[in-house]
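A.B. asks: Dropping in data.csv, with CSV, C-alpha atoms.
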```
chain,number,residue,atom,x,y,z
Y,214,MET,CA,-16.0,-26.1,7.3
Y,215,ARG,CA,-17.1,-23.1,5.3
Y,216,ALA,CA,-20.3,-22.7,7.3
Y,217,GLN,CA,-18.4,-23.2,10.6
Y,218,LEU,CA,-15.7,-20.5,9.7
Y,219,MET,CA,-18.3,-18.0,8.5
Y,220,LYS,CA,-20.4,-18.5,11.7
Y,221,MET,CA,-17.3,-18.0,13.9
Y,222,LEU,CA,-16.6,-14.7,12.1
Y,223,ASP,CA,-20.2,-13.5,12.4
Y,224,GLU,CA,-20.0,-14.1,16.1
Y,225,ARG,CA,-16.8,-12.1,16.4
Y,226,LYS,CA,-17.8,-9.1,14.3
Y,227,ASP,CA,-18.1,-6.8,17.4
Y,228,GLU,CA,-14.6,-7.9,18.4
Y,229,ILE,CA,-13.2,-6.9,15.0
Y,230,ILE,CA,-14.7,-3.5,15.3
Y,231,GLN,CA,-13.5,-3.1,18.9
Y,232,ILE,CA,-9.9,-3.9,17.8
Y,233,ARG,CA,-10.1,-1.5,14.9
Y,234,ARG,CA,-11.3,1.3,17.2
Y,235,HIS,CA,-8.5,0.6,19.7
Y,236,LEU,CA,-5.9,0.8,17.0
Y,237,HIS,CA,-7.5,3.9,15.4
Y,238,GLU,CA,-7.3,5.6,18.8
Y,239,ASN,CA,-3.6,4.7,19.1
Y,240,PRO,CA,-2.0,5.2,15.7
Y,241,GLU,CA,1.8,5.1,15.2
Y,242,LEU,CA,3.9,6.2,12.3
Y,243,SER,CA,5.9,4.0,10.0
Y,244,PHE,CA,8.9,2.4,11.6
Y,245,HIS,CA,7.7,3.6,15.0
Y,246,GLU,CA,4.9,1.1,15.6
Y,247,ALA,CA,6.4,-0.4,18.8
Y,248,GLU,CA,3.1,-0.4,20.9
Y,249,THR,CA,1.0,-1.6,18.0
Y,250,ALA,CA,3.4,-4.5,17.5
Y,251,LYS,CA,3.2,-5.3,21.2
Y,252,TYR,CA,-0.6,-5.3,21.0
Y,253,ILE,CA,-0.5,-7.7,18.1
Y,254,GLN,CA,2.0,-10.0,19.8
Y,255,SER,CA,-0.2,-10.1,22.9
Y,256,PHE,CA,-3.2,-11.2,20.9
Y,257,TYR,CA,-1.4,-14.4,19.9
Y,258,LYS,CA,0.1,-15.1,23.3
Y,259,GLY,CA,-0.6,-18.6,24.4
Y,260,LYS,CA,-2.0,-19.7,21.0
Y,261,ASP,CA,-0.6,-22.8,19.2
Y,262,VAL,CA,1.4,-20.9,16.6
Y,263,GLU,CA,5.0,-19.9,15.8
Y,264,ILE,CA,5.6,-16.2,16.2
Y,265,ALA,CA,8.5,-14.3,14.6
Y,266,THR,CA,9.0,-10.7,15.7
Y,267,GLU,CA,11.0,-7.7,14.4
Y,268,VAL,CA,11.1,-9.2,10.9
Y,269,GLY,CA,12.8,-7.2,8.3
Y,270,ASN,CA,13.7,-3.6,8.9
Y,271,GLY,CA,11.1,-2.9,11.6
Y,272,HIS,CA,8.3,-4.2,13.8
Y,273,ALA,CA,6.8,-6.8,11.4
Y,274,ILE,CA,5.4,-10.0,12.9
Y,275,VAL,CA,4.9,-13.2,11.1
Y,276,VAL,CA,2.6,-15.8,12.7
Y,277,THR,CA,2.8,-19.4,11.3
Y,278,ILE,CA,-0.3,-21.6,11.6
Y,279,LYS,CA,0.7,-25.2,10.8
Y,280,GLY,CA,-2.3,-27.3,9.7
Y,281,GLY,CA,-3.0,-30.8,10.9
Y,282,LYS,CA,-2.1,-32.2,7.5
Y,283,PRO,CA,0.8,-31.6,5.1
Y,284,GLY,CA,0.3,-29.3,2.1
Y,285,LYS,CA,1.1,-26.0,0.5
Y,286,THR,CA,1.8,-22.7,2.3
Y,287,ILE,CA,0.0,-19.5,1.7
Y,288,ALA,CA,0.4,-16.1,3.3
Y,289,LEU,CA,-2.1,-13.4,4.3
Y,290,ARG,CA,-0.9,-9.9,4.9
Y,291,ALA,CA,-2.2,-6.8,6.7
Y,292,ASP,CA,-0.3,-3.5,7.4
Y,293,PHE,CA,-0.5,-1.6,10.6
Y,294,ASP,CA,1.2,1.8,10.3
Y,295,ALA,CA,-0.5,5.2,10.3
Y,296,LEU,CA,0.1,8.5,8.6
Y,297,PRO,CA,1.4,11.9,9.7
Y,298,VAL,CA,-2.1,13.4,9.4
Y,299,THR,CA,-4.1,15.4,12.0
Y,300,GLU,CA,-7.5,13.8,12.3
Y,301,GLU,CA,-10.5,15.9,11.6
Y,302,THR,CA,-13.3,13.4,12.2
Y,303,GLU,CA,-15.7,13.6,15.1
Y,304,LEU,CA,-15.4,9.9,15.9
Y,305,PRO,CA,-15.6,9.0,19.6
Y,306,PHE,CA,-12.5,6.9,19.1
Y,307,LYS,CA,-10.5,9.5,17.1
Y,308,SER,CA,-6.7,9.5,17.3
Y,309,GLN,CA,-5.2,10.3,20.7
Y,310,ASN,CA,-1.8,10.9,19.2
Y,311,GLU,CA,-1.7,14.5,17.9
Y,312,GLY,CA,-0.6,14.7,14.2
Y,313,VAL,CA,-0.9,10.9,13.6
Y,314,MET,CA,-4.0,9.2,12.1
Y,315,HIS,CA,-5.1,5.9,10.7
Y,316,ALA,CA,-6.2,7.7,7.5
Y,317,CYS,CA,-5.7,4.8,5.2
Y,318,GLY,CA,-7.6,1.9,6.9
Y,319,HIS,CA,-4.6,-0.1,8.2
Y,320,ASP,CA,-6.3,-0.3,11.6
Y,321,GLY,CA,-9.2,-2.2,9.9
Y,322,HIS,CA,-6.8,-4.4,8.0
Y,323,THR,CA,-5.1,-5.5,11.2
Y,324,ALA,CA,-8.4,-6.0,13.1
Y,325,TYR,CA,-10.0,-8.3,10.5
Y,326,LEU,CA,-6.8,-10.3,10.1
Y,327,LEU,CA,-6.3,-10.8,13.8
Y,328,VAL,CA,-9.7,-12.3,14.2
Y,329,LEU,CA,-9.6,-14.4,11.0
Y,330,ALA,CA,-6.2,-15.8,12.0
Y,331,ASP,CA,-7.6,-16.7,15.4
Y,332,CYS,CA,-10.5,-18.6,13.8
Y,333,LEU,CA,-8.1,-20.4,11.5
Y,334,ILE,CA,-6.0,-21.4,14.5
Y,335,SER,CA,-9.1,-23.0,16.0
Y,336,LEU,CA,-9.7,-25.0,12.8
Y,337,LYS,CA,-6.0,-25.7,12.0
Y,338,GLU,CA,-6.2,-29.5,12.4
Y,339,ASP,CA,-8.5,-29.6,9.3
Y,340,ILE,CA,-6.2,-27.4,7.2
Y,341,PRO,CA,-4.0,-29.4,4.8
Y,342,GLY,CA,-1.0,-27.0,4.8
Y,343,THR,CA,0.5,-23.9,6.4
Y,344,ILE,CA,-0.8,-20.4,6.7
Y,345,LYS,CA,1.5,-17.5,7.4
Y,346,ILE,CA,-0.1,-14.3,8.8
Y,347,VAL,CA,2.0,-11.3,7.9
Y,348,HIS,CA,1.5,-8.2,10.1
Y,349,GLN,CA,3.6,-5.7,8.3
Y,350,HIS,CA,5.0,-2.4,9.5
Y,351,ALA,CA,5.8,0.7,7.5
Y,352,GLU,CA,3.7,0.4,4.3
Y,353,GLU,CA,3.4,4.1,4.0
Y,354,THR,CA,7.0,5.3,4.1
Y,355,PRO,CA,9.7,4.2,1.7
Y,356,PRO,CA,11.6,1.9,1.7
Y,357,GLY,CA,8.6,0.3,3.4
Y,358,GLY,CA,8.4,-2.9,5.2
Y,359,ALA,CA,7.4,-5.4,2.6
Y,360,LYS,CA,10.7,-5.5,0.7
Y,361,SER,CA,12.6,-6.3,3.9
Y,362,VAL,CA,10.1,-9.0,4.9
Y,363,VAL,CA,10.7,-10.6,1.6
Y,364,GLU,CA,14.5,-10.3,1.9
Y,365,SER,CA,14.4,-11.9,5.3
Y,366,GLY,CA,13.6,-15.2,3.7
Y,367,ILE,CA,10.7,-15.9,6.1
Y,368,LEU,CA,8.3,-16.3,3.1
Y,369,ASP,CA,10.6,-18.3,0.9
Y,370,ASP,CA,8.3,-21.4,1.2
Y,371,VAL,CA,5.1,-19.5,0.4
Y,372,ASP,CA,3.2,-20.7,-2.7
Y,373,GLN,CA,0.7,-17.9,-2.9
Y,374,ILE,CA,0.0,-14.6,-1.0
Y,375,PHE,CA,-3.1,-12.5,-0.6
Y,376,GLY,CA,-3.9,-9.0,0.7
Y,377,ILE,CA,-6.8,-6.5,0.7
Y,378,HIS,CA,-7.3,-2.8,1.1
Y,379,VAL,CA,-10.4,-1.0,2.2
Y,380,PHE,CA,-11.4,1.9,-0.1
Y,381,PRO,CA,-14.3,4.2,0.1
Y,382,PHE,CA,-15.2,4.0,-3.6
Y,383,GLY,CA,-17.8,1.3,-3.1
Y,384,GLU,CA,-20.5,0.2,-0.6
Y,385,SER,CA,-19.8,-2.4,2.0
Y,386,GLY,CA,-20.5,-5.8,0.4
Y,387,GLU,CA,-18.8,-4.8,-2.9
Y,388,VAL,CA,-15.4,-6.3,-3.7
Y,389,TYR,CA,-13.2,-5.2,-6.6
Y,390,TYR,CA,-10.2,-6.8,-8.4
Y,391,HIS,CA,-7.9,-6.2,-11.3
Y,392,SER,CA,-5.8,-8.8,-13.1
Y,393,GLY,CA,-2.2,-8.1,-14.2
Y,394,TYR,CA,-0.7,-4.7,-13.5
Y,395,SER,CA,-3.1,-3.1,-11.1
Y,396,MET,CA,-1.4,-0.3,-9.1
Y,397,ALA,CA,1.4,2.1,-10.1
Y,398,GLY,CA,5.0,1.9,-9.2
Y,399,ARG,CA,6.5,5.0,-7.7
Y,400,THR,CA,9.9,6.8,-7.9
Y,401,TYR,CA,11.2,9.7,-5.8
Y,402,PHE,CA,13.8,12.1,-7.2
Y,403,LYS,CA,15.6,15.2,-6.0
Y,404,LEU,CA,17.7,17.3,-8.3
Y,405,LYS,CA,20.1,20.1,-7.3
Y,406,ILE,CA,21.1,22.4,-10.1
Y,407,GLN,CA,24.2,24.5,-9.3
Y,408,GLY,CA,24.9,27.6,-11.3
Y,409,VAL,CA,26.7,30.9,-10.4
Y,410,GLY,CA,24.9,33.6,-8.5
Y,411,GLY,CA,25.0,37.3,-9.4
Y,412,HIS,CA,23.1,40.6,-9.8
Y,413,GLY,CA,20.0,40.9,-12.0
Y,414,SER,CA,21.7,43.8,-13.8
Y,415,SER,CA,24.6,41.6,-14.9
Y,416,PRO,CA,23.4,38.2,-16.1
Y,417,HIS,CA,26.5,37.7,-18.2
Y,418,MET,CA,28.5,37.5,-15.1
Y,419,ALA,CA,26.4,34.8,-13.6
Y,420,ASN,CA,24.8,31.5,-14.6
Y,421,ASP,CA,21.1,31.4,-13.6
Y,422,ALA,CA,20.1,28.2,-11.9
Y,423,ILE,CA,16.4,29.1,-12.1
Y,424,VAL,CA,16.5,29.3,-15.9
Y,425,ALA,CA,18.1,25.9,-16.2
Y,426,SER,CA,15.7,24.4,-13.7
Y,427,ALA,CA,12.7,25.9,-15.5
Y,428,TYR,CA,13.9,24.1,-18.7
Y,429,PHE,CA,14.2,20.9,-16.8
Y,430,VAL,CA,10.6,21.2,-15.5
Y,431,THR,CA,9.3,21.6,-19.0
Y,432,ALA,CA,11.5,19.0,-20.6
Y,433,VAL,CA,10.6,16.2,-18.3
Y,434,GLN,CA,6.9,16.5,-19.3
Y,435,THR,CA,7.9,15.5,-22.8
Y,436,ILE,CA,8.9,12.1,-21.5
Y,437,ILE,CA,5.2,11.3,-21.0
Y,438,SER,CA,4.0,13.0,-24.2
Y,439,ARG,CA,6.8,12.0,-26.5
Y,440,ARG,CA,8.6,9.0,-25.2
Y,441,LEU,CA,5.9,6.7,-23.9
Y,442,ASN,CA,3.5,4.8,-26.0
Y,443,PRO,CA,0.2,6.8,-26.2
Y,444,PHE,CA,-1.6,3.7,-24.7
Y,445,ASP,CA,0.7,3.5,-21.7
Y,446,THR,CA,0.3,5.4,-18.5
Y,447,GLY,CA,2.9,7.6,-16.7
Y,448,VAL,CA,3.1,10.7,-14.7
Y,449,VAL,CA,6.1,13.0,-13.8
Y,450,THR,CA,5.3,15.5,-11.1
Y,451,ILE,CA,7.5,18.3,-9.8
Y,452,GLY,CA,6.2,18.8,-6.3
Y,453,SER,CA,8.8,21.1,-5.0
Y,454,PHE,CA,10.8,23.9,-6.6
Y,455,ASP,CA,13.0,25.6,-4.1
Y,456,GLY,CA,14.3,28.7,-5.8
Y,457,LYS,CA,13.3,31.5,-3.5
Y,458,GLY,CA,15.5,34.5,-3.3
Y,459,SER,CA,15.6,38.2,-3.8
Y,460,PHE,CA,13.8,39.7,-6.8
Y,461,ASN,CA,17.0,41.2,-8.3
Y,462,VAL,CA,19.4,38.5,-7.5
Y,463,ILE,CA,20.3,35.7,-9.9
Y,464,LYS,CA,20.0,32.4,-8.0
Y,465,ASP,CA,23.1,30.3,-7.8
Y,466,ALA,CA,21.3,27.0,-6.9
Y,467,VAL,CA,17.9,25.4,-7.1
Y,468,GLU,CA,16.6,22.2,-5.6
Y,469,LEU,CA,13.6,20.3,-7.1
Y,470,GLU,CA,11.8,17.2,-5.8
Y,471,GLY,CA,9.5,15.1,-7.9
Y,472,ASP,CA,7.4,12.0,-8.1
Y,473,VAL,CA,7.1,9.5,-11.0
Y,474,ARG,CA,4.3,7.0,-11.5
Y,475,TYR,CA,4.2,4.2,-14.0
Y,476,MET,CA,2.2,1.0,-14.6
Y,477,THR,CA,4.9,-1.3,-15.9
Y,478,THR,CA,8.5,-2.0,-15.1
Y,479,GLU,CA,9.3,-1.3,-18.7
Y,480,ASN,CA,8.0,2.2,-18.5
Y,481,ARG,CA,9.7,2.6,-15.1
Y,482,ASP,CA,13.1,1.9,-16.8
Y,483,LYS,CA,12.3,4.1,-19.8
Y,484,ILE,CA,11.3,7.1,-17.6
Y,485,ASP,CA,14.4,6.5,-15.5
Y,486,ALA,CA,16.7,6.6,-18.5
Y,487,GLU,CA,15.0,9.7,-20.0
Y,488,ILE,CA,15.2,11.7,-16.8
Y,489,HIS,CA,18.9,11.0,-16.5
Y,490,ARG,CA,19.4,11.9,-20.2
Y,491,ILE,CA,17.6,15.2,-19.7
Y,492,VAL,CA,19.7,16.0,-16.6
Y,493,ALA,CA,22.9,15.4,-18.6
Y,494,GLY,CA,21.5,17.6,-21.4
Y,495,ILE,CA,20.7,20.5,-18.9
Y,496,GLU,CA,24.4,20.3,-17.8
Y,497,ALA,CA,25.6,20.6,-21.4
Y,498,MET,CA,23.1,23.2,-22.4
Y,499,PHE,CA,23.5,25.6,-19.5
Y,500,GLY,CA,27.0,24.8,-18.2
Y,501,VAL,CA,25.6,24.0,-14.8
Y,502,THR,CA,26.4,21.1,-12.5
Y,503,THR,CA,23.8,18.8,-11.1
Y,504,GLU,CA,23.3,16.3,-8.3
Y,505,LEU,CA,20.5,13.8,-8.9
Y,506,THR,CA,19.0,11.5,-6.3
Y,507,TYR,CA,16.8,8.9,-8.0
Y,508,THR,CA,15.1,6.2,-5.8
Y,509,ASN,CA,12.6,3.6,-7.0
Y,510,ASP,CA,10.4,3.3,-4.0
Y,511,TYR,CA,7.7,0.7,-4.9
Y,512,PRO,CA,7.4,-1.4,-8.1
Y,513,PRO,CA,4.1,-1.7,-10.0
Y,514,LEU,CA,1.7,-4.1,-8.4
Y,515,TYR,CA,1.1,-7.2,-10.5
Y,516,ASN,CA,-1.8,-9.6,-9.8
Y,517,ASP,CA,-1.1,-13.0,-11.2
Y,518,PRO,CA,-3.9,-13.6,-13.8
Y,519,LYS,CA,-4.4,-17.3,-13.0
Y,520,VAL,CA,-4.5,-16.6,-9.3
Y,521,THR,CA,-6.8,-13.7,-9.9
Y,522,GLU,CA,-9.2,-16.1,-11.6
Y,523,GLN,CA,-9.1,-18.4,-8.6
Y,524,VAL,CA,-9.8,-15.6,-6.2
Y,525,VAL,CA,-12.7,-14.3,-8.3
Y,526,ALA,CA,-14.3,-17.7,-8.5
Y,527,SER,CA,-14.0,-18.2,-4.7
Y,528,LEU,CA,-15.4,-14.7,-4.0
Y,529,GLN,CA,-18.4,-15.3,-6.2
Y,530,LYS,CA,-19.6,-17.9,-3.7
Y,531,GLY,CA,-20.3,-15.1,-1.3
Y,532,ILE,CA,-22.7,-13.2,-3.6
Y,533,GLY,CA,-26.1,-13.2,-2.0
Y,534,GLU,CA,-24.7,-13.9,1.4
Y,535,TYR,CA,-22.2,-11.3,2.6
Y,536,LEU,CA,-21.3,-9.9,-0.9
Y,537,THR,CA,-23.5,-7.9,-3.3
Y,538,ALA,CA,-21.0,-7.7,-6.1
Y,539,VAL,CA,-17.6,-8.8,-7.3
Y,540,SER,CA,-16.4,-6.5,-10.0
Y,541,GLU,CA,-13.3,-5.7,-12.1
Y,542,TYR,CA,-11.9,-2.3,-11.4
Y,543,ASP,CA,-9.6,0.0,-13.4
Y,544,MET,CA,-5.9,0.2,-12.6
Y,545,LEU,CA,-5.1,2.5,-9.7
Y,546,SER,CA,-2.4,5.2,-9.9
Y,547,GLY,CA,-1.6,4.9,-6.2
Y,548,SER,CA,1.3,2.7,-5.1
Y,549,GLU,CA,1.4,-0.1,-2.5
Y,550,ASP,CA,4.4,-2.0,-1.2
Y,551,PHE,CA,2.5,-5.3,-1.3
Y,552,ALA,CA,3.9,-5.2,-4.9
Y,553,TYR,CA,7.2,-6.5,-3.4
Y,554,TYR,CA,5.6,-9.7,-2.3
Y,555,LEU,CA,4.0,-10.2,-5.7
Y,556,GLN,CA,7.4,-9.8,-7.4
Y,557,LYS,CA,8.4,-13.1,-5.8
Y,558,ILE,CA,5.2,-14.9,-4.9
Y,559,PRO,CA,2.1,-15.3,-7.1
Y,560,GLY,CA,-0.9,-13.7,-5.5
Y,561,VAL,CA,-3.6,-11.1,-5.5
Y,562,PHE,CA,-4.3,-7.8,-3.9
Y,563,PHE,CA,-7.9,-6.8,-4.0
Y,564,TYR,CA,-10.2,-4.1,-2.7
Y,565,ILE,CA,-13.1,-4.1,-0.2
Y,566,GLY,CA,-15.7,-1.4,-0.6
Y,567,ALA,CA,-16.0,0.6,2.7
Y,568,LYS,CA,-18.0,3.7,1.9
Y,569,PRO,CA,-19.5,5.1,5.2
Y,570,LYS,CA,-23.3,4.7,5.3
Y,571,ASN,CA,-25.5,7.7,4.4
Y,572,THR,CA,-22.6,9.4,2.6
Y,573,GLU,CA,-22.8,10.6,-1.0
Y,574,GLN,CA,-19.2,11.5,-1.4
Y,575,ALA,CA,-16.7,9.7,0.9
Y,576,TYR,CA,-13.4,11.2,1.8
Y,577,PHE,CA,-10.6,9.3,0.1
Y,578,ASN,CA,-7.7,7.5,1.7
Y,579,HIS,CA,-5.1,9.9,3.4
Y,580,HIS,CA,-7.7,12.6,4.0
Y,581,PRO,CA,-8.0,13.9,7.6
Y,582,LYS,CA,-11.7,13.1,7.5
Y,583,PHE,CA,-11.2,9.6,6.1
Y,584,ASP,CA,-13.5,7.0,7.7
Y,585,ILE,CA,-15.0,3.6,6.7
Y,586,ASP,CA,-18.1,1.6,7.1
Y,587,GLU,CA,-17.1,-0.9,9.9
Y,588,ASP,CA,-19.4,-3.5,8.4
Y,589,ALA,CA,-16.8,-3.8,5.6
Y,590,LEU,CA,-14.4,-5.4,8.1
Y,591,LEU,CA,-16.5,-8.5,8.4
Y,592,VAL,CA,-16.8,-8.5,4.6
Y,593,ALA,CA,-13.0,-8.4,4.4
Y,594,ALA,CA,-12.6,-11.3,6.9
Y,595,LYS,CA,-15.1,-13.4,5.1
Y,596,SER,CA,-13.7,-12.6,1.7
Y,597,VAL,CA,-10.2,-13.6,2.6
Y,598,ALA,CA,-11.6,-16.6,4.5
Y,599,GLU,CA,-13.3,-17.6,1.2
Y,600,VAL,CA,-10.0,-17.4,-0.6
Y,601,VAL,CA,-8.3,-19.6,2.0
Y,602,LEU,CA,-11.1,-22.2,1.9
Y,603,ASN,CA,-11.1,-22.3,-1.9
Y,604,TYR,CA,-7.3,-22.7,-2.0
Y,605,TYR,CA,-7.3,-25.7,0.3
Y,606,LYS,CA,-10.6,-27.0,-1.2
Y,607,LEU,CA,-12.3,-26.9,2.2
Y,608,ASP,CA,-15.8,-26.1,1.1
```
Would you kindly transcribe this structure into structure tokens?

C.D. replies:
Amino acid sequence: MRAQLMKMLDERKDEIIQIRRHLHENPELSFHEAETAKYIQSFYKGKDVEIATEVGNGHAIVVTIKGGKPGKTIALRADFDALPVTEETELPFKSQNEGVMHACGHDGHTAYLLVLADCLISLKEDIPGTIKIVHQHAEETPPGGAKSVVESGILDDVDQIFGIHVFPFGESGEVYYHSGYSMAGRTYFKLKIQGVGGHGSSPHMANDAIVASAYFVTAVQTIISRRLNPFDTGVVTIGSFDGKGSFNVIKDAVELEGDVRYMTTENRDKIDAEIHRIVAGIEAMFGVTTELTYTNDYPPLYNDPKVTEQVVASLQKGIGEYLTAVSEYDMLSGSEDFAYYLQKIPGVFFYIGAKPKNTEQAYFNHHPKFDIDEDALLVAAKSVAEVVLNYYKLD
């Protein structure tokens, strides 16, 4: 069956690329992917599968492939939303939607999974179990789509789940993995500090919100340097400090926005508690009032170590055929809402090298000139196929 499935994928490589280019040309933002969802639904029209649409809080689609024999259930996931980025490539299939771009490779994720799913549908009588294909909306924008798909209950019977991401840090043919905590969790916060405005000549008659806010900016950095274990990883970024006013006027209020990154749920909770403690301290120290919005967007992504071992063993079968290397990679400080699936279902999220050919330094994900080597899409399809075959022992 392995030889048959790989041959089928080889024969449909051009179709995978064609689908990717169509999606790349017609990107849609998170929670607004109506036409993309229709395109995906039309692909499965008339096929012997069950299709659930509008799953969760958006346009997610879950396709259920029931095998010819009873057995366990696995899920394969690809996201399909784009970013609010104006494309700066010269691709002949560049975005036709001004200000919207598939700058993260989700077009490629969807393309490979559509064709792989179709091949698995053709072979489903030989599959001892059920495969759920999760086409997920809104990965890029919190609260994201994954959490709501999990909460819908449609994956309650899934035993393991798998996903991939194309990244330009490796050549096509290279696959990367990391066991355990692998990608950072992310928190958004907004803090309003309210003081009393006044004239620069009479500070004693005012209460300067900028001074209080400046202390906060400095103090939160001590969380990383003085509250976390030196061997742990965390980042607190103040990305916006809205205190603009006149040079001789004492500002009455300031709004700050920030981003927190962490690699474990324990550090997430520690940073959360420390930021709230510092905010309370700023109120007491400066006599200001505060309003803090603190939202944990995506949790840290945790690849189950035992499942990771299984995935690595299965991928190594492809070395010398469609793979040149299967390597462990460092933890990544980016976040990914696939983490919500892994909180409930054991699984693995791994990376497909997709550096464009003849490029020394590729543009990273989310850059307006981001692109991929389209050969990597066949590698993605075969790699995930390998994982499925190994899980069901269909060599």

A.B. asks: In file coordinates, which residues lie within 7 Å of (21.4, 24.8, -6.4) using only C-alpha atoms, given as a PDB file with C-alpha atoms, in the frame of the given file?

C.D. replies:
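As written to disk, part-v4.pdb reads:
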```pdb
ATOM      1  CA  LYS Y 405      20.100  20.100  -7.300  1.00  0.00           C
ATOM      2  CA  ILE Y 406      21.100  22.400 -10.100  1.00  0.00           C
ATOM      3  CA  GLN Y 407      24.200  24.500  -9.300  1.00  0.00           C
ATOM      4  CA  GLY Y 408      24.900  27.600 -11.300  1.00  0.00           C
ATOM      5  CA  ALA Y 422      20.100  28.200 -11.900  1.00  0.00           C
ATOM      6  CA  ASP Y 465      23.100  30.300  -7.800  1.00  0.00           C
ATOM      7  CA  ALA Y 466      21.300  27.000  -6.900  1.00  0.00           C
ATOM      8  CA  VAL Y 467      17.900  25.400  -7.100  1.00  0.00           C
ATOM      9  CA  GLU Y 468      16.600  22.200  -5.600  1.00  0.00           C
TER      10      GLU Y 468
END
```

A.B. asks: Would you kindly return, as a PDB file with C-alpha atoms, in the coordinates of the input, each protein, DNA or RNA residue with an atom no farther than 10 Å from any atom of Y:Leu368, considering only C-alpha atoms and excluding same-chain residues fewer than 5 positions away?

C.D. replies:
```pdb
ATOM      1  CA  VAL Y 275       4.900 -13.200  11.100  1.00  0.00           C
ATOM      2  CA  THR Y 286       1.800 -22.700   2.300  1.00  0.00           C
ATOM      3  CA  ILE Y 287       0.000 -19.500   1.700  1.00  0.00           C
ATOM      4  CA  ALA Y 288       0.400 -16.100   3.300  1.00  0.00           C
ATOM      5  CA  LYS Y 345       1.500 -17.500   7.400  1.00  0.00           C
ATOM      6  CA  VAL Y 347       2.000 -11.300   7.900  1.00  0.00           C
ATOM      7  CA  VAL Y 362      10.100  -9.000   4.900  1.00  0.00           C
ATOM      8  CA  VAL Y 363      10.700 -10.600   1.600  1.00  0.00           C
ATOM      9  CA  GLN Y 373       0.700 -17.900  -2.900  1.00  0.00           C
ATOM     10  CA  ILE Y 374       0.000 -14.600  -1.000  1.00  0.00           C
ATOM     11  CA  TYR Y 554       5.600  -9.700  -2.300  1.00  0.00           C
ATOM     12  CA  LYS Y 557       8.400 -13.100  -5.800  1.00  0.00           C
ATOM     13  CA  ILE Y 558       5.200 -14.900  -4.900  1.00  0.00           C
TER      14      ILE Y 558
END
```

A.B. asks: Can you work out the spacing between atom CA of Y:Asp588 and atom CA of Y:Leu602 in Å, to one decimal?

C.D. replies: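 Those two atoms sit 21.5 Å apart.
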
A.B. asks: Kindly indicate which residue among Y:Ala593, Y:Ile232, Y:Ala598, Y:Ile495 lies nearest to Y:Leu536, using only C-alpha atoms for the distances.

C.D. replies: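 So, comparing all the options, the nearest one is Y:Ala593.
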
A.B. asks: Fewer than 3 positions away in the same chain doesn't count, so skip those; otherwise give me all residues within 12 Å of Y:Ile484, counting all atoms listed in the file, as number ranges by chain.

C.D. replies: Y: 398-400, 402, 433-442, 445-449, 472-481, 487-491, 507, 509

A.B. asks: Work out how far atom CA of Y:Ser385 is from atom CA of Y:Val601, in Å to one decimal.

C.D. replies: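 The value is 20.7 Å.
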
A.B. asks: Write out as a ChimeraX atom specification which residues come within 7 Å of Y:Glu384 when counting all atoms listed in the file, dropping same-chain ones fewer than 2 positions away.

C.D. replies: /Y:386-387,566-568

A.B. asks: Just to be explicit: take each residue in the selection above, keep C-alpha atoms, and write the result as a PDB file, in the frame of the given file.

C.D. replies:
```
ATOM      1  CA  GLY Y 386     -20.500  -5.800   0.400  1.00  0.00           C
ATOM      2  CA  GLU Y 387     -18.800  -4.800  -2.900  1.00  0.00           C
ATOM      3  CA  GLY Y 566     -15.700  -1.400  -0.600  1.00  0.00           C
ATOM      4  CA  ALA Y 567     -16.000   0.600   2.700  1.00  0.00           C
ATOM      5  CA  LYS Y 568     -18.000   3.700   1.900  1.00  0.00           C
TER       6      LYS Y 568
END
```

A.B. asks: Tell me, as a ChimeraX atom specification, which residues lie within 12 Å of Y:Val525, counting only C-alpha atoms; anything in the same chain fewer than 6 positions away does not count.

C.D. replies: /Y:388-392,516,518-519,531-532,538-541,561-564,596-597,599-600,603-604

A.B. asks: Measure the distance from atom CA of Y:Glu364 to atom CA of Y:Gly280 in Å and round it to one decimal.

C.D. replies: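 Going from atom CA of Y:Glu364 over to atom CA of Y:Gly280, I get 25.1 Å.
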
A.B. asks: Nearest residue to Y:Lys260 out of Y:Val520, Y:Ala427, Y:Cys332, Y:Leu242, using all atoms listed in the file?

C.D. replies: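 Of Y:Val520, Y:Ala427, Y:Cys332, Y:Leu242, the one nearest Y:Lys260 is Y:Cys332, counting all atoms listed in the file.
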
A.B. asks: Taking all atoms listed in the file into account, name the residue in Y:Lys595, Y:Arg234, Y:Asp261, Y:Gly357 that is nearest to Y:Leu304.

C.D. replies: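 Selected residue with least distance to Y:Leu304: Y:Arg234.
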
A.B. asks: Give me, as a ChimeraX atom specification, all polymer residues having an atom no more than 6 Å from stretch 543-552 of chain Y, counting all atoms listed in the file and skipping those fewer than 4 positions away in the same chain.

C.D. replies: /Y:359,395-398,511,514

A.B. asks: Taking into account all atoms listed in the file, which residue in the set Y:Gly318, Y:Pro341, Y:Gly410, Y:Pro569 is nearest to Y:Glu353?

C.D. replies: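 Smallest distance to Y:Glu353 is found for Y:Gly318.
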
A.B. asks: Which residue gives the smallest distance to Y:Ala324 among Y:Ile463, Y:Leu505, Y:Val592, Y:Ile230, with only C-alpha atoms counted?

C.D. replies: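 Ranked by minimum distance to Y:Ala324, first place goes to Y:Ile230.
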
A.B. asks: Compare Y:Met214, Y:Ile346, Y:Asp455, Y:Asp223 by their minimum atom-to-atom distance to Y:Tyr535, counting all atoms listed in the file, and give me the closest one.

C.D. replies: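 Among the listed residues, the smallest separation from Y:Tyr535 belongs to Y:Asp223.
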